[in-house]
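Asks: Supplied structure: start.cif, mmCIF, C-alpha atoms and all ligand atoms.
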```
data_protein
#
loop_
_atom_site.label_atom_id
_atom_site.label_comp_id
_atom_site.auth_asym_id
_atom_site.auth_seq_id
_atom_site.Cartn_x
_atom_site.Cartn_y
_atom_site.Cartn_z
CA MET A 193 0.00 0.00 0.00
CA LYS A 194 1.34 3.40 -0.98
CA ILE A 195 -0.39 6.77 -0.54
CA ALA A 196 1.34 9.87 -1.88
CA ALA A 197 0.85 13.13 -3.71
CA ALA A 198 0.40 12.39 -7.40
CA VAL A 199 3.20 14.18 -9.20
CA ARG A 200 3.53 12.24 -12.45
CA ASP A 201 0.87 12.73 -15.08
CA GLY A 202 0.07 9.01 -15.07
CA ASP A 203 -0.66 9.14 -11.35
CA LYS A 204 -3.00 12.11 -11.79
CA GLN A 205 -4.78 10.23 -14.56
CA ALA A 206 -5.21 7.32 -12.13
CA CYS A 207 -6.83 9.72 -9.63
CA PHE A 208 -9.22 10.93 -12.32
CA ALA A 209 -10.09 7.34 -13.28
CA ILE A 210 -11.03 6.56 -9.67
CA ARG A 211 -13.23 9.68 -9.50
CA ARG A 212 -14.89 8.69 -12.75
CA ALA A 213 -15.66 5.21 -11.39
CA VAL A 214 -16.88 6.41 -7.99
CA PHE A 215 -18.56 9.77 -8.55
CA ILE A 216 -19.68 9.73 -12.19
CA GLU A 217 -20.48 6.04 -12.71
CA GLU A 218 -21.44 4.92 -9.20
CA GLN A 219 -22.99 8.08 -7.73
CA ARG A 220 -24.27 9.44 -11.06
CA ILE A 221 -22.78 12.89 -10.52
CA PRO A 222 -22.81 14.82 -13.82
CA GLU A 223 -19.44 15.18 -15.57
CA ALA A 224 -19.82 18.97 -15.53
CA GLU A 225 -20.00 18.94 -11.72
CA GLU A 226 -17.12 16.53 -11.23
CA TRP A 227 -14.34 18.28 -13.14
CA ASP A 228 -13.37 21.88 -12.44
CA GLY A 229 -10.52 24.34 -12.82
CA ASP A 230 -9.08 23.39 -9.43
CA ASP A 231 -8.01 20.03 -10.87
CA ALA A 232 -5.22 21.78 -12.78
CA THR A 233 -3.76 23.54 -9.73
CA CYS A 234 -4.55 21.44 -6.65
CA THR A 235 -2.56 18.58 -5.12
CA HIS A 236 -3.98 15.16 -5.96
CA PHE A 237 -3.31 12.13 -3.77
CA LEU A 238 -3.24 8.55 -5.01
CA ALA A 239 -3.47 5.33 -3.01
CA VAL A 240 -2.16 2.21 -4.72
CA ALA A 241 -2.96 -1.23 -3.34
CA LYS A 242 -1.37 -4.38 -4.80
CA GLY A 243 -0.20 -2.36 -7.80
CA ALA A 244 -3.62 -0.96 -8.66
CA PRO A 245 -5.12 2.49 -8.05
CA ALA A 246 -7.46 2.17 -5.05
CA GLY A 247 -8.27 5.62 -3.72
CA THR A 248 -7.80 9.34 -4.11
CA ALA A 249 -8.40 12.81 -2.63
CA ARG A 250 -7.41 16.33 -3.52
CA LEU A 251 -6.21 19.37 -1.58
CA ILE A 252 -6.92 22.94 -2.71
CA ALA A 253 -4.99 25.78 -1.08
CA ALA A 254 -7.25 28.66 -0.01
CA GLY A 255 -5.06 30.99 2.03
CA ASP A 256 -4.33 29.19 5.29
CA ILE A 257 -7.21 26.77 4.75
CA ALA A 258 -6.66 23.36 3.13
CA LYS A 259 -9.83 22.50 1.25
CA ILE A 260 -10.08 18.73 0.92
CA GLY A 261 -12.39 17.05 -1.55
CA ARG A 262 -13.09 14.31 -4.06
CA VAL A 263 -12.29 11.69 -1.41
CA ALA A 264 -12.98 8.33 -3.01
CA VAL A 265 -12.09 4.69 -2.40
CA MET A 266 -12.82 2.04 -5.02
CA LYS A 267 -15.71 -0.16 -3.93
CA ALA A 268 -13.61 -3.30 -3.53
CA HIS A 269 -11.32 -1.55 -1.04
CA ARG A 270 -13.93 0.08 1.21
CA GLY A 271 -14.30 -0.73 4.86
CA SER A 272 -10.67 -1.73 5.37
CA GLY A 273 -9.35 1.59 6.65
CA LEU A 274 -8.05 2.90 3.33
CA GLY A 275 -10.20 6.04 3.31
CA ARG A 276 -8.96 6.85 6.80
CA ARG A 277 -5.33 6.34 5.73
CA ILE A 278 -5.79 8.59 2.71
CA MET A 279 -7.27 11.32 4.89
CA ARG A 280 -4.46 11.01 7.44
CA THR A 281 -1.91 11.37 4.63
CA VAL A 282 -3.66 14.46 3.26
CA LEU A 283 -3.96 16.01 6.74
CA ASP A 284 -0.29 15.31 7.54
CA HIS A 285 0.66 16.93 4.24
CA ALA A 286 -1.55 19.95 5.01
CA ARG A 287 -0.15 20.41 8.50
CA LYS A 288 3.45 20.19 7.29
CA ALA A 289 2.68 22.68 4.52
CA GLY A 290 1.56 25.18 7.19
CA PHE A 291 -2.21 25.24 6.71
CA ARG A 292 -4.04 26.21 9.89
CA SER A 293 -7.27 24.38 9.26
CA ALA A 294 -8.86 21.84 6.95
CA GLN A 295 -12.29 22.25 5.42
CA LEU A 296 -14.51 19.99 3.34
CA ASP A 297 -18.07 19.63 2.17
CA ALA A 298 -19.15 16.15 3.20
CA GLN A 299 -21.96 14.13 1.75
CA VAL A 300 -24.40 13.79 4.64
CA THR A 301 -24.19 9.98 4.47
CA VAL A 302 -20.49 10.05 5.33
CA LEU A 303 -20.40 12.64 8.13
CA GLY A 304 -19.38 9.90 10.58
CA PHE A 305 -16.34 9.00 8.49
CA TYR A 306 -15.00 12.56 8.82
CA GLU A 307 -16.13 12.94 12.45
CA ASN A 308 -13.91 9.95 13.26
CA LEU A 309 -11.01 12.00 11.92
CA GLY A 310 -11.85 14.96 14.16
CA PHE A 311 -13.89 17.07 11.72
CA ARG A 312 -16.97 18.88 13.02
CA ALA A 313 -20.01 19.84 10.93
CA HIS A 314 -21.29 23.42 10.77
CA GLY A 315 -24.38 25.05 9.31
CA PRO A 316 -27.24 23.64 7.32
CA GLU A 317 -27.37 20.90 4.73
CA PHE A 318 -27.01 22.10 1.14
CA ASP A 319 -26.99 20.72 -2.41
CA ASP A 320 -23.60 21.52 -3.95
CA GLY A 321 -25.03 21.21 -7.44
CA SER A 322 -24.56 17.45 -7.70
CA GLY A 323 -28.02 16.68 -6.31
CA ILE A 324 -26.41 15.19 -3.17
CA LEU A 325 -26.89 16.87 0.23
CA HIS A 326 -23.71 18.07 1.94
CA ARG A 327 -22.60 19.78 5.13
CA ARG A 328 -19.52 21.89 5.66
CA MET A 329 -16.99 20.40 8.09
CA THR A 330 -13.80 21.83 9.55
CA LEU A 331 -10.78 20.62 11.49
CA ASP A 332 -8.22 22.69 13.40
CA LEU A 333 -4.92 21.27 12.16
CA ALA A 334 -3.09 22.41 15.28
CA ALA A 335 -5.29 20.01 17.23
CA ASP A 336 -5.23 17.34 14.54
CA VAL A 337 -5.68 14.10 16.39
CA ASP A 338 -8.55 11.89 15.42
CA SER A 339 -11.05 10.49 17.87
CA ARG A 340 -9.29 7.14 18.11
CA ASP A 341 -5.96 8.77 18.97
CA ARG A 342 -7.67 10.98 21.53
CA ALA A 343 -9.26 7.93 23.13
CA VAL A 344 -5.89 6.16 23.27
CA SER A 345 -3.98 9.14 24.69
CA GLY A 346 -6.84 9.88 27.08
CA ALA A 347 -6.68 6.33 28.38
CA GLY A 348 -2.91 6.51 28.86
C1 LIG B 1 -16.39 7.55 2.25
C2 LIG B 1 -15.25 6.61 1.87
C3 LIG B 1 -14.11 7.44 1.30
C4 LIG B 1 -14.75 5.89 3.14
O1 LIG B 1 -13.64 5.09 2.79
P1 LIG B 1 -13.43 3.64 3.46
O2 LIG B 1 -12.09 3.16 3.06
O3 LIG B 1 -14.59 2.77 3.17
O4 LIG B 1 -13.48 4.01 5.01
P2 LIG B 1 -12.58 3.37 6.18
O5 LIG B 1 -12.61 1.89 6.06
O6 LIG B 1 -11.24 4.02 6.17
O7 LIG B 1 -13.39 3.85 7.46
C5 LIG B 1 -12.79 4.57 8.53
C6 LIG B 1 -13.80 4.74 9.61
O8 LIG B 1 -14.92 5.52 9.12
C7 LIG B 1 -16.13 4.76 9.24
N1 LIG B 1 -16.96 5.01 8.07
C8 LIG B 1 -16.69 4.66 6.80
N2 LIG B 1 -17.70 5.05 6.00
C9 LIG B 1 -18.62 5.62 6.80
C10 LIG B 1 -19.89 6.22 6.57
N3 LIG B 1 -20.43 6.27 5.35
N4 LIG B 1 -20.57 6.72 7.63
C11 LIG B 1 -20.05 6.66 8.87
N5 LIG B 1 -18.84 6.11 9.15
C12 LIG B 1 -18.15 5.60 8.12
C13 LIG B 1 -15.70 3.32 9.32
O9 LIG B 1 -16.64 2.52 9.97
C14 LIG B 1 -14.41 3.43 10.08
O10 LIG B 1 -14.71 3.57 11.45
P3 LIG B 1 -13.80 2.87 12.59
O11 LIG B 1 -12.46 3.53 12.49
O12 LIG B 1 -14.53 3.17 13.86
O13 LIG B 1 -13.74 1.42 12.24
C15 LIG B 1 -15.72 5.53 0.86
O14 LIG B 1 -16.83 4.85 1.40
C16 LIG B 1 -16.09 6.07 -0.51
O15 LIG B 1 -15.23 6.26 -1.37
N6 LIG B 1 -17.40 6.31 -0.74
C17 LIG B 1 -17.89 6.78 -2.03
C18 LIG B 1 -17.41 8.19 -2.33
C19 LIG B 1 -17.83 9.18 -1.27
O16 LIG B 1 -18.98 9.18 -0.82
N7 LIG B 1 -16.87 10.02 -0.88
C20 LIG B 1 -17.11 11.03 0.13
C21 LIG B 1 -17.50 12.30 -0.53
S1 LIG B 1 -17.80 13.59 0.70
#
```
Could I get this structure in the form of structure tokens?
Replies:
Amino acid sequence: MKIAAAVRDGDKQACFAIRRAVFIEEQRIPEAEEWDGDDATCTHFLAVAKGAPAGTARLIAAGDIAKIGRVAVMKAHRGSGLGRRIMRTVLDHARKAGFRSAQLDAQVTVLGFYENLGFRAHGPEFDDGSGILHRRMTLDLAADVDSRDRAVSGAG
């Protein structure tokens, strides 16, 4: 298993292929909503498992805020902790790069996934244009320990 920023063009194309499979084909999000100008400038992350692309996410710099999005794990790899590992990699990258906080718009069905990582939801539900309800979530990167780590350190 390897999770890293996608630098080579082939790795970025692998990220796009995962998004196509997950968001466009599986979730039926329109192409026009999926691809945007940020794809050319943001940092893409690629997870490779057993030699095959398995997951992705992207990080957009917005001042001192790291906007995280397009978090996707291929169906066959879900439920094994890969999404969590991708997010931890992106958050580590963001903290080292000096961002003060992380922000994302989470599909309401996956709020718990991000809450486990320490994100908190704010404000009302909204449709981001994809037809899927979302809520804004934020995480203070200075206090970036997820709930499991907090539980462990709290116990010790
Ligand atoms: C959301 C997604 C990225 C999660 O990836 P994953 O690899 O299946 O998740 P993990 O196995 O790393 O799960 C980590 C933890 O989050 C929890 N979790 C995972 N999906 C969840 C969900 N939909 N709701 C609540 N909790 C969830 C897991 O139970 C696990 O909890 P634990 O640590 O207590 O065991 C993946 O399901 C996916 O790609 N879904 C389709 C695309 C999508 O909806 N992306 C999010 C857009 S906002």
Asks: Give me the box for ligand LIG 1 (chain B) as AutoDock Vina command-line options, namely the centre and edge lengths in Å to one decimal of a box along x, y and z that holds every listed atom plus 5 Å on each side.
Replies:
```
--center_x -15.9 --center_y 7.5 --center_z 5.8 --size_x 19.3 --size_y 22.2 --size_z 26.2
```
Asks: Sorted by chain and rising residue number, list the residues of region 248-332 of chain A at most 9 Å from region 203-213 of chain A (counting all atoms listed in the file), each with its closest atom pair and distance in Å to one decimal, as CSV.
Replies:
```
residue,atom,partner,partner_atom,distance
A:Thr248,CA,A:Cys207,CA,5.6
A:Ala249,CA,A:Cys207,CA,7.8
A:Arg262,CA,A:Arg211,CA,7.1
A:Val263,CA,A:Arg211,CA,8.4
A:Ala264,CA,A:Arg211,CA,6.6
A:Val265,CA,A:Ile210,CA,7.6
A:Met266,CA,A:Ile210,CA,6.7
```
Asks: Let me have all residues with an atom within 7 Å of ligand LIG 1 (chain B), counting all atoms listed in the file, laid out as JSON, numbers by chain.
Replies: {"A": [214, 215, 261, 262, 263, 264, 265, 266, 267, 269, 270, 271, 272, 273, 274, 275, 276, 277, 297, 298, 299, 301, 302, 303, 304, 305, 308]}
Asks: Mind checking which residues fall within 6 Å of Arg250 (chain A), counting only C-alpha atoms, ignoring those fewer than 6 positions away in the same chain, and posting them as a PyMOL selection string?
Replies: chain A and resi 235-237+260-261
Asks: State, in Å with one decimal place, the distance from CA of Ile278 (chain A) to CA of Gly255 (chain A).
Replies: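 Atom-to-atom, CA of Ile278 (chain A) to CA of Gly255 (chain A), that is 22.4 Å.
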Asks: Between A:Asp201, A:Asp256, A:Glu218, A:Asp319, which has the minimum distance to Ala232 (chain A) (counting all atoms listed in the file)?
Replies: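 The answer is A:Asp201, which sits nearest to Ala232 (chain A).
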Asks: Could you check the closest approach to Asp284 (chain A) for each of A:Ile324, A:Leu296, A:Val199, A:Ala335 and tell me which residue wins, using all atoms listed in the file?
Replies: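 That would be A:Ala335, the residue with the smallest distance to Asp284 (chain A).
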Asks: In Å to one decimal, how far is CA of Gln295 (chain A) from CA of Thr330 (chain A)?
Replies: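 Separation of CA of Thr330 (chain A) and CA of Gln295 (chain A): 4.4 Å.
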Asks: Taking all atoms listed in the file into account, which of A:Leu325, A:Ala334, A:Ala253, A:Leu309 comes nearest Arg292 (chain A)?
Replies: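 Of all the options, A:Ala334 lies closest to Arg292 (chain A).
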Asks: Considering only C-alpha atoms, can you say which of A:Ala246, A:Leu333, A:Ala268, A:Ala224 comes closest to Lys288 (chain A)?
Replies: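 Nearest candidate to Lys288 (chain A) out of A:Ala246, A:Leu333, A:Ala268, A:Ala224: A:Leu333.
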Asks: Taking only C-alpha atoms into account, name the residue in A:Gly202, A:Met329, A:Ile216, A:Ala197 that is nearest to Cys234 (chain A).
Replies: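 Ranking A:Gly202, A:Met329, A:Ile216, A:Ala197 by distance to Cys234 (chain A), first place goes to A:Ala197.
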Asks: In Å to one decimal, how far is CA of Ala258 (chain A) from CA of Ala196 (chain A)?
Replies: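 Going from CA of Ala196 (chain A) over to CA of Ala258 (chain A) covers 16.5 Å.
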Asks: If we draw a sphere of 7 Å around (-23.4, 21.1, 11.0), which residues have at least one atom in it when counting only C-alpha atoms? Please report them as an NGL selection string.
Replies: :A and (313-316 or 327-328)
Asks: For Thr281 (chain A), which residue out of A:Lys242, A:Glu217, A:Phe318, A:Lys194 is the nearest one, using all atoms listed in the file?
Replies: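 Closest candidate: A:Lys194.
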